[in-house]
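What follows is query.cif (mmCIF, C-alpha atoms).
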```
data_query
loop_
_atom_site.label_atom_id
_atom_site.label_comp_id
_atom_site.auth_asym_id
_atom_site.auth_seq_id
_atom_site.Cartn_x
_atom_site.Cartn_y
_atom_site.Cartn_z
CA LEU A 1 -8.34 -27.21 33.65
CA ASN A 2 -10.40 -26.63 30.51
CA VAL A 3 -9.70 -23.30 28.83
CA GLY A 4 -11.98 -23.96 25.86
CA CYS A 5 -9.20 -24.54 23.36
CA THR A 6 -10.10 -27.64 21.43
CA LYS A 7 -8.36 -28.96 18.36
CA ARG A 8 -11.29 -27.77 16.23
CA SER A 9 -11.38 -24.25 17.72
CA MET A 10 -7.63 -23.92 17.21
CA SER A 11 -8.05 -25.07 13.61
CA ASN A 12 -10.76 -22.44 13.05
CA PHE A 13 -8.51 -19.78 14.59
CA ILE A 14 -5.62 -20.73 12.29
CA SER A 15 -7.80 -20.82 9.18
CA SER A 16 -9.29 -17.40 10.02
CA GLY A 17 -5.71 -16.05 10.21
CA ARG A 18 -5.04 -17.51 6.77
CA LEU A 19 -8.21 -15.88 5.49
CA ALA A 20 -7.17 -12.49 6.91
CA TYR A 21 -3.72 -12.92 5.38
CA GLY A 22 -5.23 -13.71 1.97
CA LEU A 23 -7.69 -10.80 2.09
CA LEU A 24 -4.98 -8.35 3.12
CA ARG A 25 -2.77 -9.54 0.25
CA VAL A 26 -5.62 -9.04 -2.24
CA MET A 27 -6.55 -5.59 -0.93
CA THR A 28 -2.99 -4.22 -0.72
CA SER A 29 -2.03 -5.65 -4.13
CA HIS A 30 -4.31 -3.09 -5.75
CA LEU A 31 -1.72 -0.41 -4.96
CA CYS A 32 0.13 -1.57 -8.07
CA LEU A 33 -2.41 0.28 -10.25
CA PRO A 34 -1.70 3.81 -8.94
CA GLY A 35 1.94 2.70 -8.73
CA PHE A 36 2.00 2.02 -12.45
CA LEU A 37 0.41 5.41 -13.10
CA MET A 38 3.03 7.16 -10.94
CA PHE A 39 5.85 5.22 -12.63
CA ALA A 40 4.60 6.01 -16.14
CA ALA A 41 3.96 9.67 -15.26
CA GLY A 42 7.44 9.94 -13.78
CA PHE A 43 8.91 8.91 -17.13
CA GLU A 44 6.34 11.11 -18.91
CA LEU A 45 4.89 8.09 -20.71
CA LEU A 46 1.36 8.85 -19.52
CA GLU A 47 -0.39 12.07 -18.67
CA VAL A 48 -1.70 12.14 -15.12
CA PRO A 49 -5.51 12.45 -15.12
CA ALA A 50 -6.59 16.00 -14.29
CA ALA A 51 -9.03 14.64 -11.69
CA MET A 52 -6.06 13.55 -9.55
CA ASN A 53 -4.99 17.20 -9.19
CA LEU A 54 -1.43 15.94 -8.74
CA GLU A 55 0.27 19.25 -9.49
CA ALA A 56 -1.58 21.06 -6.68
CA LYS A 57 -0.93 18.18 -4.25
CA PHE A 58 2.80 18.26 -4.97
CA GLU A 59 2.86 22.04 -4.56
CA VAL A 60 1.35 21.65 -1.06
CA VAL A 61 4.46 19.70 0.01
CA GLY A 62 6.83 22.04 -1.82
CA LEU A 63 7.47 20.04 -5.00
CA ASN A 64 7.06 21.13 -8.60
CA LEU A 65 5.63 18.47 -10.95
CA ASP A 66 8.11 19.41 -13.71
CA ASP A 67 11.16 19.16 -11.45
CA PRO A 68 13.47 16.15 -12.06
CA LEU A 69 13.52 15.40 -8.31
CA THR A 70 9.73 15.13 -8.28
CA ARG A 71 9.83 12.85 -11.33
CA CYS A 72 12.41 10.68 -9.57
CA ILE A 73 10.21 10.46 -6.47
CA MET A 74 7.26 9.47 -8.65
CA ILE A 75 9.29 6.70 -10.29
CA ILE A 76 10.58 5.34 -6.96
CA VAL A 77 7.12 5.41 -5.36
CA GLY A 78 5.62 3.84 -8.48
CA VAL A 79 8.14 0.97 -8.54
CA GLY A 80 7.59 0.40 -4.83
CA LYS A 81 3.83 0.16 -5.25
CA MET A 82 4.14 -2.08 -8.31
CA PHE A 83 6.34 -4.45 -6.29
CA ILE A 84 3.70 -4.99 -3.58
CA PRO A 85 1.86 -7.84 -5.37
CA ILE A 86 5.21 -9.49 -6.19
CA ASN A 87 6.04 -9.63 -2.50
CA ASN A 88 2.48 -10.48 -1.49
CA TRP A 89 2.20 -13.51 -3.77
CA LEU A 90 5.71 -14.64 -4.73
CA LEU A 91 8.42 -13.59 -2.29
CA GLN A 92 6.41 -13.14 0.91
CA SER A 93 9.49 -11.61 2.56
CA GLN A 94 8.98 -10.55 6.16
CA ALA A 95 11.59 -7.80 5.71
CA ILE A 96 9.78 -6.35 2.69
CA PHE A 97 6.42 -6.55 4.52
CA ALA A 98 8.07 -4.61 7.37
CA PHE A 99 9.49 -2.02 4.95
CA TYR A 100 6.07 -1.40 3.37
CA ALA A 101 4.33 -1.24 6.76
CA LEU A 102 6.81 1.18 8.30
CA SER A 103 7.24 3.40 5.24
CA SER A 104 3.48 3.58 4.58
CA ILE A 105 2.77 5.44 7.82
CA PRO A 106 4.72 8.63 6.99
CA GLY A 107 4.10 8.15 3.25
CA PHE A 108 0.33 8.04 3.46
CA GLY A 109 0.52 10.72 6.17
CA VAL A 110 2.07 13.10 3.62
CA VAL A 111 -0.58 12.10 1.07
CA LEU A 112 -3.37 12.82 3.57
CA TYR A 113 -1.78 16.15 4.50
CA ALA A 114 -1.53 17.14 0.82
CA HIS A 115 -5.14 16.14 0.21
CA ARG A 116 -6.46 18.10 3.19
CA MET A 117 -4.42 21.27 2.51
CA LEU A 118 -5.88 21.81 -0.96
CA SER A 119 -8.06 24.89 -1.29
CA ASN A 120 -11.07 22.67 -2.06
CA PRO A 121 -10.39 19.29 -0.40
CA ASP A 122 -12.46 16.19 -1.07
CA PRO A 123 -14.88 15.04 1.62
CA TRP A 124 -13.37 12.90 4.40
CA LEU A 125 -15.13 9.82 3.04
CA LYS A 126 -12.81 9.88 0.01
CA GLU A 127 -9.81 9.83 2.38
CA VAL A 128 -10.77 6.47 3.90
CA PRO A 129 -8.44 4.47 1.58
CA VAL A 130 -5.55 6.79 2.47
CA ILE A 131 -6.19 6.19 6.17
CA ILE A 132 -6.91 2.44 5.92
CA MET A 133 -4.04 1.40 3.62
CA PRO A 134 -1.20 1.89 6.16
CA ILE A 135 -3.27 0.00 8.73
CA MET A 136 -3.73 -2.88 6.27
CA LEU A 137 -0.01 -2.91 5.41
CA VAL A 138 0.90 -3.08 9.12
CA MET A 139 -1.65 -5.85 9.66
CA LEU A 140 -0.25 -7.74 6.65
CA TRP A 141 3.24 -7.51 8.14
CA LEU A 142 1.96 -8.80 11.49
CA VAL A 143 -0.02 -11.78 10.13
CA ALA A 144 2.40 -12.81 7.38
CA PRO A 145 4.00 -16.18 8.02
CA VAL A 146 7.59 -15.95 9.17
CA GLY A 147 10.01 -17.55 6.74
CA GLY A 148 8.49 -16.32 3.47
CA ALA A 149 7.05 -18.46 0.70
CA LYS A 150 7.13 -22.19 1.24
CA PRO A 151 7.96 -24.46 -1.71
CA LYS A 152 5.16 -26.80 -2.70
CA SER A 153 5.77 -30.43 -1.87
CA ALA A 154 5.56 -32.86 -4.77
#
```

Could the structure of this file be written out as structure tokens, please?
Amino acid sequence: LNVGCTKRSMSNFISSGRLAYGLLRVMTSHLCLPGFLMFAAGFELLEVPAAMNLEAKFEVVGLNLDDPLTRCIMIIVGVGKMFIPINNWLLQSQAIFAFYALSSIPGFGVVLYAHRMLSNPDPWLKEVPVIIMPIMLVMLWLVAPVGGAKPKSA
């Protein structure tokens, strides 16, 4: 019985999975940039750019930008996003991949809700990253090798 699975086709399948894993790590690692901005804004080290309209977005979900609770949320979210590349490239922990995947669904859902409830929302095309990022984080969790980072052999 020949099912068409040769050693070469299996090798191509495995290498394409490695490629997908690498691309997903690169694309999701970029979340550290807005994470740093949220972290710094939470500690009031940087002023949030006016174009982000962060105050209005927080008001949509019932938070005040000057409230200590909101600042604490910004710091926690910022640290979490800044940690993504550390897990993607150094730790490669399956548990942390799972945490990011599962927490991104409601997290980015709230972000999308806040964006769409503004009095003058951006066009849907600008929401594509907000919709795609949880999908990429779930895919990263699913294709990540089990067992975490492997030490290099000498």

Evaluate the PyMOL selection byres ((chain A and resi 124-135) around 12) and report residues as an mmCIF file with C-alpha atoms, in the frame of the given file:
```cif
data_model
loop_
_atom_site.group_PDB
_atom_site.id
_atom_site.type_symbol
_atom_site.label_atom_id
_atom_site.label_comp_id
_atom_site.auth_asym_id
_atom_site.auth_seq_id
_atom_site.Cartn_x
_atom_site.Cartn_y
_atom_site.Cartn_z
ATOM 1 C CA LEU A 24 -4.980 -8.350 3.120
ATOM 2 C CA ARG A 25 -2.770 -9.540 0.250
ATOM 3 C CA MET A 27 -6.550 -5.590 -0.930
ATOM 4 C CA THR A 28 -2.990 -4.220 -0.720
ATOM 5 C CA SER A 29 -2.030 -5.650 -4.130
ATOM 6 C CA HIS A 30 -4.310 -3.090 -5.750
ATOM 7 C CA LEU A 31 -1.720 -0.410 -4.960
ATOM 8 C CA LYS A 81 3.830 0.160 -5.250
ATOM 9 C CA PHE A 97 6.420 -6.550 4.520
ATOM 10 C CA ALA A 98 8.070 -4.610 7.370
ATOM 11 C CA PHE A 99 9.490 -2.020 4.950
ATOM 12 C CA TYR A 100 6.070 -1.400 3.370
ATOM 13 C CA ALA A 101 4.330 -1.240 6.760
ATOM 14 C CA LEU A 102 6.810 1.180 8.300
ATOM 15 C CA SER A 103 7.240 3.400 5.240
ATOM 16 C CA SER A 104 3.480 3.580 4.580
ATOM 17 C CA ILE A 105 2.770 5.440 7.820
ATOM 18 C CA PRO A 106 4.720 8.630 6.990
ATOM 19 C CA GLY A 107 4.100 8.150 3.250
ATOM 20 C CA PHE A 108 0.330 8.040 3.460
ATOM 21 C CA GLY A 109 0.520 10.720 6.170
ATOM 22 C CA VAL A 110 2.070 13.100 3.620
ATOM 23 C CA VAL A 111 -0.580 12.100 1.070
ATOM 24 C CA LEU A 112 -3.370 12.820 3.570
ATOM 25 C CA TYR A 113 -1.780 16.150 4.500
ATOM 26 C CA ALA A 114 -1.530 17.140 0.820
ATOM 27 C CA HIS A 115 -5.140 16.140 0.210
ATOM 28 C CA ARG A 116 -6.460 18.100 3.190
ATOM 29 C CA ASN A 120 -11.070 22.670 -2.060
ATOM 30 C CA PRO A 121 -10.390 19.290 -0.400
ATOM 31 C CA ASP A 122 -12.460 16.190 -1.070
ATOM 32 C CA PRO A 123 -14.880 15.040 1.620
ATOM 33 C CA MET A 136 -3.730 -2.880 6.270
ATOM 34 C CA LEU A 137 -0.010 -2.910 5.410
ATOM 35 C CA VAL A 138 0.900 -3.080 9.120
ATOM 36 C CA MET A 139 -1.650 -5.850 9.660
ATOM 37 C CA LEU A 140 -0.250 -7.740 6.650
ATOM 38 C CA TRP A 141 3.240 -7.510 8.140
ATOM 39 C CA LEU A 142 1.960 -8.800 11.490
#
```

* Select all residues near (2.9, 2.5, -13.6) (cut-off 10 Å, inclusive, file coordinates), counting all atoms listed in the file, and output them as a PyMOL selection string. => chain A and resi 32-43+45-46+74-75+77-79+81-82

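If only C-alpha atoms are the atoms counted, then among A:Leu54, A:Asp67, A:Val61, A:Val146 the closest residue to Leu91 of chain A is A:Val146.
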
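We find atom CA of Gly22 of chain A and atom CA of Ile96 of chain A to be spaced 16.7 Å apart.
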
* Can you work out the spacing between atom CA of Val26 of chain A and atom CA of Pro49 of chain A in Å, to one decimal? => 25.1 Å

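Take atom CA of Asn53 of chain A and atom CA of Leu118 of chain A: the distance between them is 9.5 Å.
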
* Asked: Of the candidates A:Ala20, A:Gly147, A:Arg71, A:Glu59, which one gets nearest to Met117 of chain A if we count all atoms listed in the file?
  -> A:Glu59
